[in-house]
file input.csv (CSV, N, CA, C and O atoms)
chain,number,residue,atom,x,y,z
A,1,MET,N,29.9,113.1,129.2
A,1,MET,CA,30.3,114.5,129.2
A,1,MET,C,29.1,115.3,128.7
A,1,MET,O,28.5,115.0,127.7
A,2,HIS,N,28.9,116.5,129.3
A,2,HIS,CA,27.8,117.3,128.9
A,2,HIS,C,28.4,118.7,128.5
A,2,HIS,O,29.5,119.1,128.9
A,3,VAL,N,27.6,119.4,127.6
A,3,VAL,CA,28.0,120.7,127.2
A,3,VAL,C,26.7,121.6,127.2
A,3,VAL,O,25.6,121.1,126.9
A,4,ARG,N,27.0,122.8,127.5
A,4,ARG,CA,25.8,123.8,127.5
A,4,ARG,C,25.8,124.6,126.3
A,4,ARG,O,26.8,125.0,125.7
A,5,HIS,N,24.6,124.8,125.8
A,5,HIS,CA,24.4,125.7,124.6
A,5,HIS,C,23.3,126.7,125.1
A,5,HIS,O,22.1,126.3,125.1
A,6,GLY,N,23.6,127.9,125.5
A,6,GLY,CA,22.7,128.8,126.0
A,6,GLY,C,22.0,128.3,127.3
A,6,GLY,O,22.8,128.0,128.3
A,7,THR,N,20.8,128.0,127.3
A,7,THR,CA,20.1,127.6,128.5
A,7,THR,C,19.9,126.1,128.5
A,7,THR,O,19.3,125.5,129.5
A,8,THR,N,20.3,125.4,127.5
A,8,THR,CA,20.1,123.9,127.4
A,8,THR,C,21.4,123.2,127.6
A,8,THR,O,22.5,123.7,127.3
A,9,THR,N,21.4,122.0,128.1
A,9,THR,CA,22.5,121.1,128.3
A,9,THR,C,22.3,119.8,127.6
A,9,THR,O,21.1,119.3,127.6
A,10,ARG,N,23.3,119.4,126.9
A,10,ARG,CA,23.1,118.1,126.2
A,10,ARG,C,24.3,117.2,126.4
A,10,ARG,O,25.4,117.7,126.7
A,11,THR,N,24.1,115.9,126.2
A,11,THR,CA,25.2,115.0,126.3
A,11,THR,C,26.0,114.9,125.0
A,11,THR,O,25.3,114.8,123.9
A,12,LEU,N,27.3,114.9,125.0
A,12,LEU,CA,28.1,114.8,123.8
A,12,LEU,C,28.1,113.4,123.3
A,12,LEU,O,28.1,112.5,124.1
A,13,ALA,N,28.1,113.3,122.0
A,13,ALA,CA,28.2,111.9,121.4
A,13,ALA,C,29.7,111.5,121.6
A,13,ALA,O,30.6,112.3,121.8
A,14,GLU,N,29.9,110.2,121.5
A,14,GLU,CA,31.2,109.6,121.7
A,14,GLU,C,32.2,110.2,120.7
A,14,GLU,O,33.3,110.5,121.0
A,15,SER,N,31.7,110.4,119.5
A,15,SER,CA,32.6,111.0,118.4
A,15,SER,C,33.0,112.5,118.8
A,15,SER,O,34.2,112.9,118.5
A,16,GLU,N,32.1,113.2,119.4
A,16,GLU,CA,32.4,114.6,119.8
A,16,GLU,C,33.4,114.6,121.0
A,16,GLU,O,34.3,115.4,121.0
A,17,ILE,N,33.3,113.7,121.9
A,17,ILE,CA,34.2,113.6,123.0
A,17,ILE,C,35.6,113.2,122.4
A,17,ILE,O,36.6,113.8,122.8
A,18,ALA,N,35.7,112.2,121.5
A,18,ALA,CA,36.9,111.8,120.9
A,18,ALA,C,37.6,113.0,120.2
A,18,ALA,O,38.8,113.2,120.3
A,19,GLN,N,36.8,113.8,119.5
A,19,GLN,CA,37.3,115.0,118.8
A,19,GLN,C,37.9,116.0,119.7
A,19,GLN,O,39.0,116.6,119.5
A,20,ARG,N,37.2,116.2,120.8
A,20,ARG,CA,37.7,117.1,121.8
A,20,ARG,C,39.1,116.7,122.4
A,20,ARG,O,40.0,117.5,122.6
A,21,TYR,N,39.2,115.4,122.7
A,21,TYR,CA,40.5,114.9,123.1
A,21,TYR,C,41.6,115.0,122.1
A,21,TYR,O,42.7,115.4,122.4
A,22,ARG,N,41.2,114.7,120.8
A,22,ARG,CA,42.2,114.9,119.7
A,22,ARG,C,42.7,116.3,119.6
A,22,ARG,O,43.9,116.6,119.5
A,23,ASP,N,41.7,117.3,119.7
A,23,ASP,CA,42.1,118.7,119.7
A,23,ASP,C,42.9,119.1,120.8
A,23,ASP,O,43.9,119.9,120.7
A,24,ARG,N,42.6,118.5,122.0
A,24,ARG,CA,43.4,118.9,123.2
A,24,ARG,C,44.9,118.4,123.1
A,24,ARG,O,45.8,119.1,123.4
A,25,PHE,N,45.0,117.1,122.6
A,25,PHE,CA,46.4,116.6,122.5
A,25,PHE,C,47.1,117.3,121.3
A,25,PHE,O,48.4,117.5,121.4
A,26,GLN,N,46.4,117.7,120.3
A,26,GLN,CA,47.1,118.4,119.2
A,26,GLN,C,47.6,119.7,119.6
A,26,GLN,O,48.6,120.2,119.3
A,27,ALA,N,46.7,120.4,120.4
A,27,ALA,CA,47.1,121.7,121.0
A,27,ALA,C,48.4,121.6,121.9
A,27,ALA,O,49.3,122.4,121.8
A,28,ALA,N,48.4,120.6,122.7
A,28,ALA,CA,49.6,120.3,123.5
A,28,ALA,C,50.9,120.1,122.7
A,28,ALA,O,51.9,120.6,122.9
A,29,SER,N,50.7,119.3,121.6
A,29,SER,CA,51.8,119.1,120.7
A,29,SER,C,52.3,120.4,120.0
A,29,SER,O,53.5,120.6,119.8
A,30,ASP,N,51.3,121.2,119.6
A,30,ASP,CA,51.6,122.5,119.0
A,30,ASP,C,52.4,123.4,119.9
A,30,ASP,O,53.3,124.1,119.5
A,31,ASP,N,52.0,123.3,121.2
A,31,ASP,CA,52.7,124.2,122.2
A,31,ASP,C,54.1,123.7,122.3
A,31,ASP,O,55.0,124.6,122.5
A,32,VAL,N,54.4,122.4,122.4
A,32,VAL,CA,55.8,121.9,122.5
A,32,VAL,C,56.6,122.4,121.2
A,32,VAL,O,57.7,122.8,121.4
A,33,ASP,N,56.0,122.2,120.1
A,33,ASP,CA,56.7,122.7,118.8
A,33,ASP,C,57.0,124.2,118.9
A,33,ASP,O,58.1,124.6,118.5
A,34,ARG,N,56.0,125.0,119.3
A,34,ARG,CA,56.3,126.4,119.4
A,34,ARG,C,57.3,126.7,120.4
A,34,ARG,O,58.2,127.6,120.2
A,35,LEU,N,57.4,126.0,121.5
A,35,LEU,CA,58.4,126.2,122.5
A,35,LEU,C,59.8,125.9,122.0
A,35,LEU,O,60.7,126.7,122.2
A,36,ARG,N,59.9,124.9,121.2
A,36,ARG,CA,61.2,124.6,120.5
A,36,ARG,C,61.6,125.7,119.6
A,36,ARG,O,62.7,126.0,119.5
A,37,GLN,N,60.6,126.2,118.8
A,37,GLN,CA,60.9,127.3,117.9
A,37,GLN,C,61.4,128.5,118.7
A,37,GLN,O,62.4,129.1,118.2
A,38,VAL,N,60.8,128.9,119.8
A,38,VAL,CA,61.2,130.0,120.6
A,38,VAL,C,62.6,129.8,121.1
A,38,VAL,O,63.5,130.7,121.1
A,39,ALA,N,62.8,128.6,121.7
A,39,ALA,CA,64.2,128.3,122.3
A,39,ALA,C,65.3,128.3,121.2
A,39,ALA,O,66.3,128.9,121.4
A,40,ASP,N,65.0,127.7,120.0
A,40,ASP,CA,66.0,127.7,118.9
A,40,ASP,C,66.3,129.2,118.5
A,40,ASP,O,67.4,129.5,118.2
A,41,ALA,N,65.3,130.0,118.4
A,41,ALA,CA,65.5,131.4,117.9
A,41,ALA,C,66.3,132.1,119.0
A,41,ALA,O,67.2,132.9,118.6
A,42,GLY,N,66.1,131.9,120.3
A,42,GLY,CA,66.8,132.5,121.3
A,42,GLY,C,68.3,132.1,121.3
A,42,GLY,O,69.2,132.9,121.4
A,43,ARG,N,68.5,130.8,121.1
A,43,ARG,CA,69.9,130.3,121.0
A,43,ARG,C,70.6,130.9,119.8
A,43,ARG,O,71.8,131.2,119.9
A,44,SER,N,69.9,131.0,118.7
A,44,SER,CA,70.5,131.6,117.5
A,44,SER,C,70.9,133.0,117.8
A,44,SER,O,72.0,133.5,117.4
A,45,TYR,N,70.0,133.8,118.4
A,45,TYR,CA,70.3,135.2,118.7
A,45,TYR,C,71.5,135.3,119.6
A,45,TYR,O,72.4,136.1,119.4
A,46,LEU,N,71.6,134.4,120.7
A,46,LEU,CA,72.7,134.5,121.6
A,46,LEU,C,74.0,134.1,120.8
A,46,LEU,O,75.1,134.7,121.0
A,47,SER,N,73.9,133.1,119.9
A,47,SER,CA,75.1,132.8,119.2
A,47,SER,C,75.6,133.9,118.3
A,47,SER,O,76.8,134.2,118.2
A,48,ASP,N,74.6,134.6,117.6
A,48,ASP,CA,75.0,135.7,116.8
A,48,ASP,C,75.6,136.8,117.6
A,48,ASP,O,76.6,137.5,117.2
A,49,TYR,N,75.0,137.1,118.8
A,49,TYR,CA,75.5,138.1,119.7
A,49,TYR,C,76.9,137.8,120.1
A,49,TYR,O,77.8,138.8,120.1
A,50,LEU,N,77.3,136.6,120.4
A,50,LEU,CA,78.6,136.3,120.9
A,50,LEU,C,79.6,136.4,119.8
A,50,LEU,O,80.8,136.6,120.0
A,51,THR,N,79.2,136.2,118.5
A,51,THR,CA,80.2,136.3,117.4
A,51,THR,C,80.2,137.7,116.7
A,51,THR,O,81.0,137.9,115.8
A,52,ARG,N,79.4,138.6,117.2
A,52,ARG,CA,79.3,139.9,116.5
A,52,ARG,C,80.4,140.8,117.1
A,52,ARG,O,80.8,140.8,118.3
A,53,THR,N,80.9,141.7,116.3
A,53,THR,CA,81.9,142.7,116.7
A,53,THR,C,81.4,144.1,116.5
A,53,THR,O,80.3,144.2,115.9
A,54,VAL,N,82.1,145.1,117.0
A,54,VAL,CA,81.6,146.4,116.9
A,54,VAL,C,81.4,146.9,115.4
A,54,VAL,O,80.4,147.5,115.1
A,55,ASP,N,82.3,146.5,114.6
A,55,ASP,CA,82.2,147.0,113.2
A,55,ASP,C,81.3,146.0,112.3
A,55,ASP,O,81.2,146.2,111.1
A,56,GLY,N,80.7,145.1,112.9
A,56,GLY,CA,79.8,144.2,112.2
A,56,GLY,C,80.4,143.0,111.5
A,56,GLY,O,79.7,142.1,111.0
A,57,SER,N,81.7,142.9,111.6
A,57,SER,CA,82.4,141.7,111.0
A,57,SER,C,82.3,140.6,112.0
A,57,SER,O,82.1,140.8,113.2
A,58,SER,N,82.6,139.4,111.6
A,58,SER,CA,82.6,138.2,112.4
A,58,SER,C,84.0,137.9,112.9
A,58,SER,O,84.9,138.0,112.1
A,59,ALA,N,84.1,137.7,114.1
A,59,ALA,CA,85.4,137.3,114.7
A,59,ALA,C,85.3,136.1,115.6
A,59,ALA,O,84.2,135.8,116.1
A,60,PRO,N,86.3,135.3,115.7
A,60,PRO,CA,86.2,134.2,116.6
A,60,PRO,C,86.0,134.6,118.0
A,60,PRO,O,86.5,135.6,118.5
A,61,VAL,N,85.1,133.9,118.7
A,61,VAL,CA,84.8,134.2,120.1
A,61,VAL,C,85.9,133.6,121.0
A,61,VAL,O,86.3,132.5,120.9
A,62,THR,N,86.4,134.5,121.8
A,62,THR,CA,87.5,134.1,122.8
A,62,THR,C,87.0,134.1,124.2
A,62,THR,O,87.6,133.6,125.1
A,63,TYR,N,85.8,134.7,124.4
A,63,TYR,CA,85.2,134.8,125.7
A,63,TYR,C,83.8,134.2,125.7
A,63,TYR,O,83.0,134.6,124.9
A,64,TYR,N,83.5,133.2,126.6
A,64,TYR,CA,82.2,132.6,126.6
A,64,TYR,C,81.6,132.9,128.0
A,64,TYR,O,81.9,132.2,129.0
A,65,PRO,N,80.8,133.9,128.1
A,65,PRO,CA,80.1,134.2,129.3
A,65,PRO,C,79.1,133.2,129.6
A,65,PRO,O,78.6,132.4,128.7
A,66,GLY,N,78.6,133.1,130.9
A,66,GLY,CA,77.6,132.1,131.2
A,66,GLY,C,76.2,132.7,130.8
A,66,GLY,O,76.0,133.9,130.9
A,67,TRP,N,75.4,131.9,130.3
A,67,TRP,CA,74.0,132.3,129.8
A,67,TRP,C,73.0,131.4,130.4
A,67,TRP,O,73.2,130.2,130.5
A,68,VAL,N,71.9,131.9,130.7
A,68,VAL,CA,70.7,131.1,131.1
A,68,VAL,C,69.7,131.4,130.1
A,68,VAL,O,69.4,132.6,129.8
A,69,SER,N,69.1,130.4,129.5
A,69,SER,CA,68.1,130.6,128.5
A,69,SER,C,66.8,130.1,129.0
A,69,SER,O,66.7,129.0,129.5
A,70,LEU,N,65.7,130.8,128.8
A,70,LEU,CA,64.4,130.5,129.2
A,70,LEU,C,63.4,130.7,128.0
A,70,LEU,O,63.5,131.8,127.4
A,71,ALA,N,62.6,129.8,127.6
A,71,ALA,CA,61.6,129.9,126.6
A,71,ALA,C,60.3,129.7,127.2
A,71,ALA,O,60.1,128.7,128.0
A,72,ALA,N,59.3,130.5,126.9
A,72,ALA,CA,58.0,130.3,127.5
A,72,ALA,C,56.9,130.5,126.4
A,72,ALA,O,57.1,131.3,125.5
A,73,VAL,N,55.9,129.8,126.5
A,73,VAL,CA,54.7,129.9,125.6
A,73,VAL,C,53.5,130.2,126.5
A,73,VAL,O,53.3,129.5,127.5
A,74,PRO,N,52.7,131.2,126.2
A,74,PRO,CA,51.6,131.5,127.1
A,74,PRO,C,50.6,130.4,127.1
A,74,PRO,O,50.4,129.6,126.2
A,75,THR,N,49.9,130.2,128.3
A,75,THR,CA,48.9,129.2,128.5
A,75,THR,C,47.7,129.5,127.6
A,75,THR,O,47.1,128.6,127.1
A,76,VAL,N,47.4,130.8,127.6
A,76,VAL,CA,46.2,131.2,126.8
A,76,VAL,C,46.6,131.5,125.4
A,76,VAL,O,47.5,132.4,125.2
A,77,ARG,N,46.0,130.9,124.4
A,77,ARG,CA,46.4,131.1,123.0
A,77,ARG,C,46.0,132.5,122.6
A,77,ARG,O,45.1,133.1,123.0
A,78,GLY,N,46.8,133.0,121.6
A,78,GLY,CA,46.5,134.3,121.1
A,78,GLY,C,47.7,135.0,120.6
A,78,GLY,O,48.8,134.4,120.5
A,79,THR,N,47.6,136.2,120.1
A,79,THR,CA,48.8,137.0,119.6
A,79,THR,C,49.2,138.0,120.7
A,79,THR,O,48.3,138.8,121.1
A,80,TYR,N,50.4,138.0,121.0
A,80,TYR,CA,50.9,138.9,122.0
A,80,TYR,C,52.1,139.7,121.5
A,80,TYR,O,52.9,139.1,120.8
A,81,PRO,N,52.1,141.0,121.7
A,81,PRO,CA,53.2,141.8,121.2
A,81,PRO,C,54.5,141.4,121.9
A,81,PRO,O,54.5,141.1,123.1
A,82,LEU,N,55.6,141.4,121.2
A,82,LEU,CA,56.8,141.0,121.8
A,82,LEU,C,57.8,142.1,121.7
A,82,LEU,O,57.9,142.8,120.7
A,83,THR,N,58.4,142.5,122.9
A,83,THR,CA,59.4,143.6,122.9
A,83,THR,C,60.7,143.0,123.3
A,83,THR,O,60.7,142.0,124.1
A,84,THR,N,61.7,143.6,122.9
A,84,THR,CA,63.1,143.2,123.3
A,84,THR,C,63.8,144.5,123.9
A,84,THR,O,63.5,145.6,123.5
A,85,ARG,N,64.6,144.2,124.9
A,85,ARG,CA,65.4,145.3,125.5
A,85,ARG,C,66.8,144.7,125.8
A,85,ARG,O,66.9,143.7,126.4
A,86,ALA,N,67.8,145.4,125.5
A,86,ALA,CA,69.1,145.0,125.8
A,86,ALA,C,69.6,145.9,127.0
A,86,ALA,O,69.5,147.1,126.9
A,87,ASP,N,70.1,145.3,128.0
A,87,ASP,CA,70.6,146.1,129.1
A,87,ASP,C,72.1,145.9,129.2
A,87,ASP,O,72.7,144.9,128.9

call {"tool": "encode", "arguments": {"input": "input.csv", "output": "structure tokens"}}
result
Amino acid sequence: MHVRHGTTTRTLAESEIAQRYRDRFQAASDDVDRLRQVADAGRSYLSDYLTRTVDGSSAPVTYYPGWVSLAAVPTVRGTYPLTTRAD
């Protein structure tokens, strides 16, 4: 495997290649963990929404509407502003 530094190209040492693979697999594992966190937070929000009443007290839920839950983590790492909107 080769890597460029400016105008030069060099061959990576075996340890550098191994480290790049470790970093890649760790990043994939981190993405899965983050996706679980996002999904759990969404389910918690929906659960709270279903048990909330107009006056803020908790009441037993007697109506269970159908819900579709989707959790996504961006492919490109970074910080993205998150907005919510209730329709």

call {"tool": "atom_distance", "arguments": {"input": "input.csv", "atom1": "atom C of A:Ala39", "atom2": "atom C of A:Asp23"}}
result
24.2 Å

call {"tool": "atom_distance", "arguments": {"input": "input.csv", "atom1": "atom CA of A:Val38", "atom2": "atom CA of A:Ala71"}}
result
6.0 Å

call {"tool": "atom_distance", "arguments": {"input": "input.csv", "atom1": "atom C of A:Arg24", "atom2": "atom O of A:Leu12"}}
result
17.8 Å
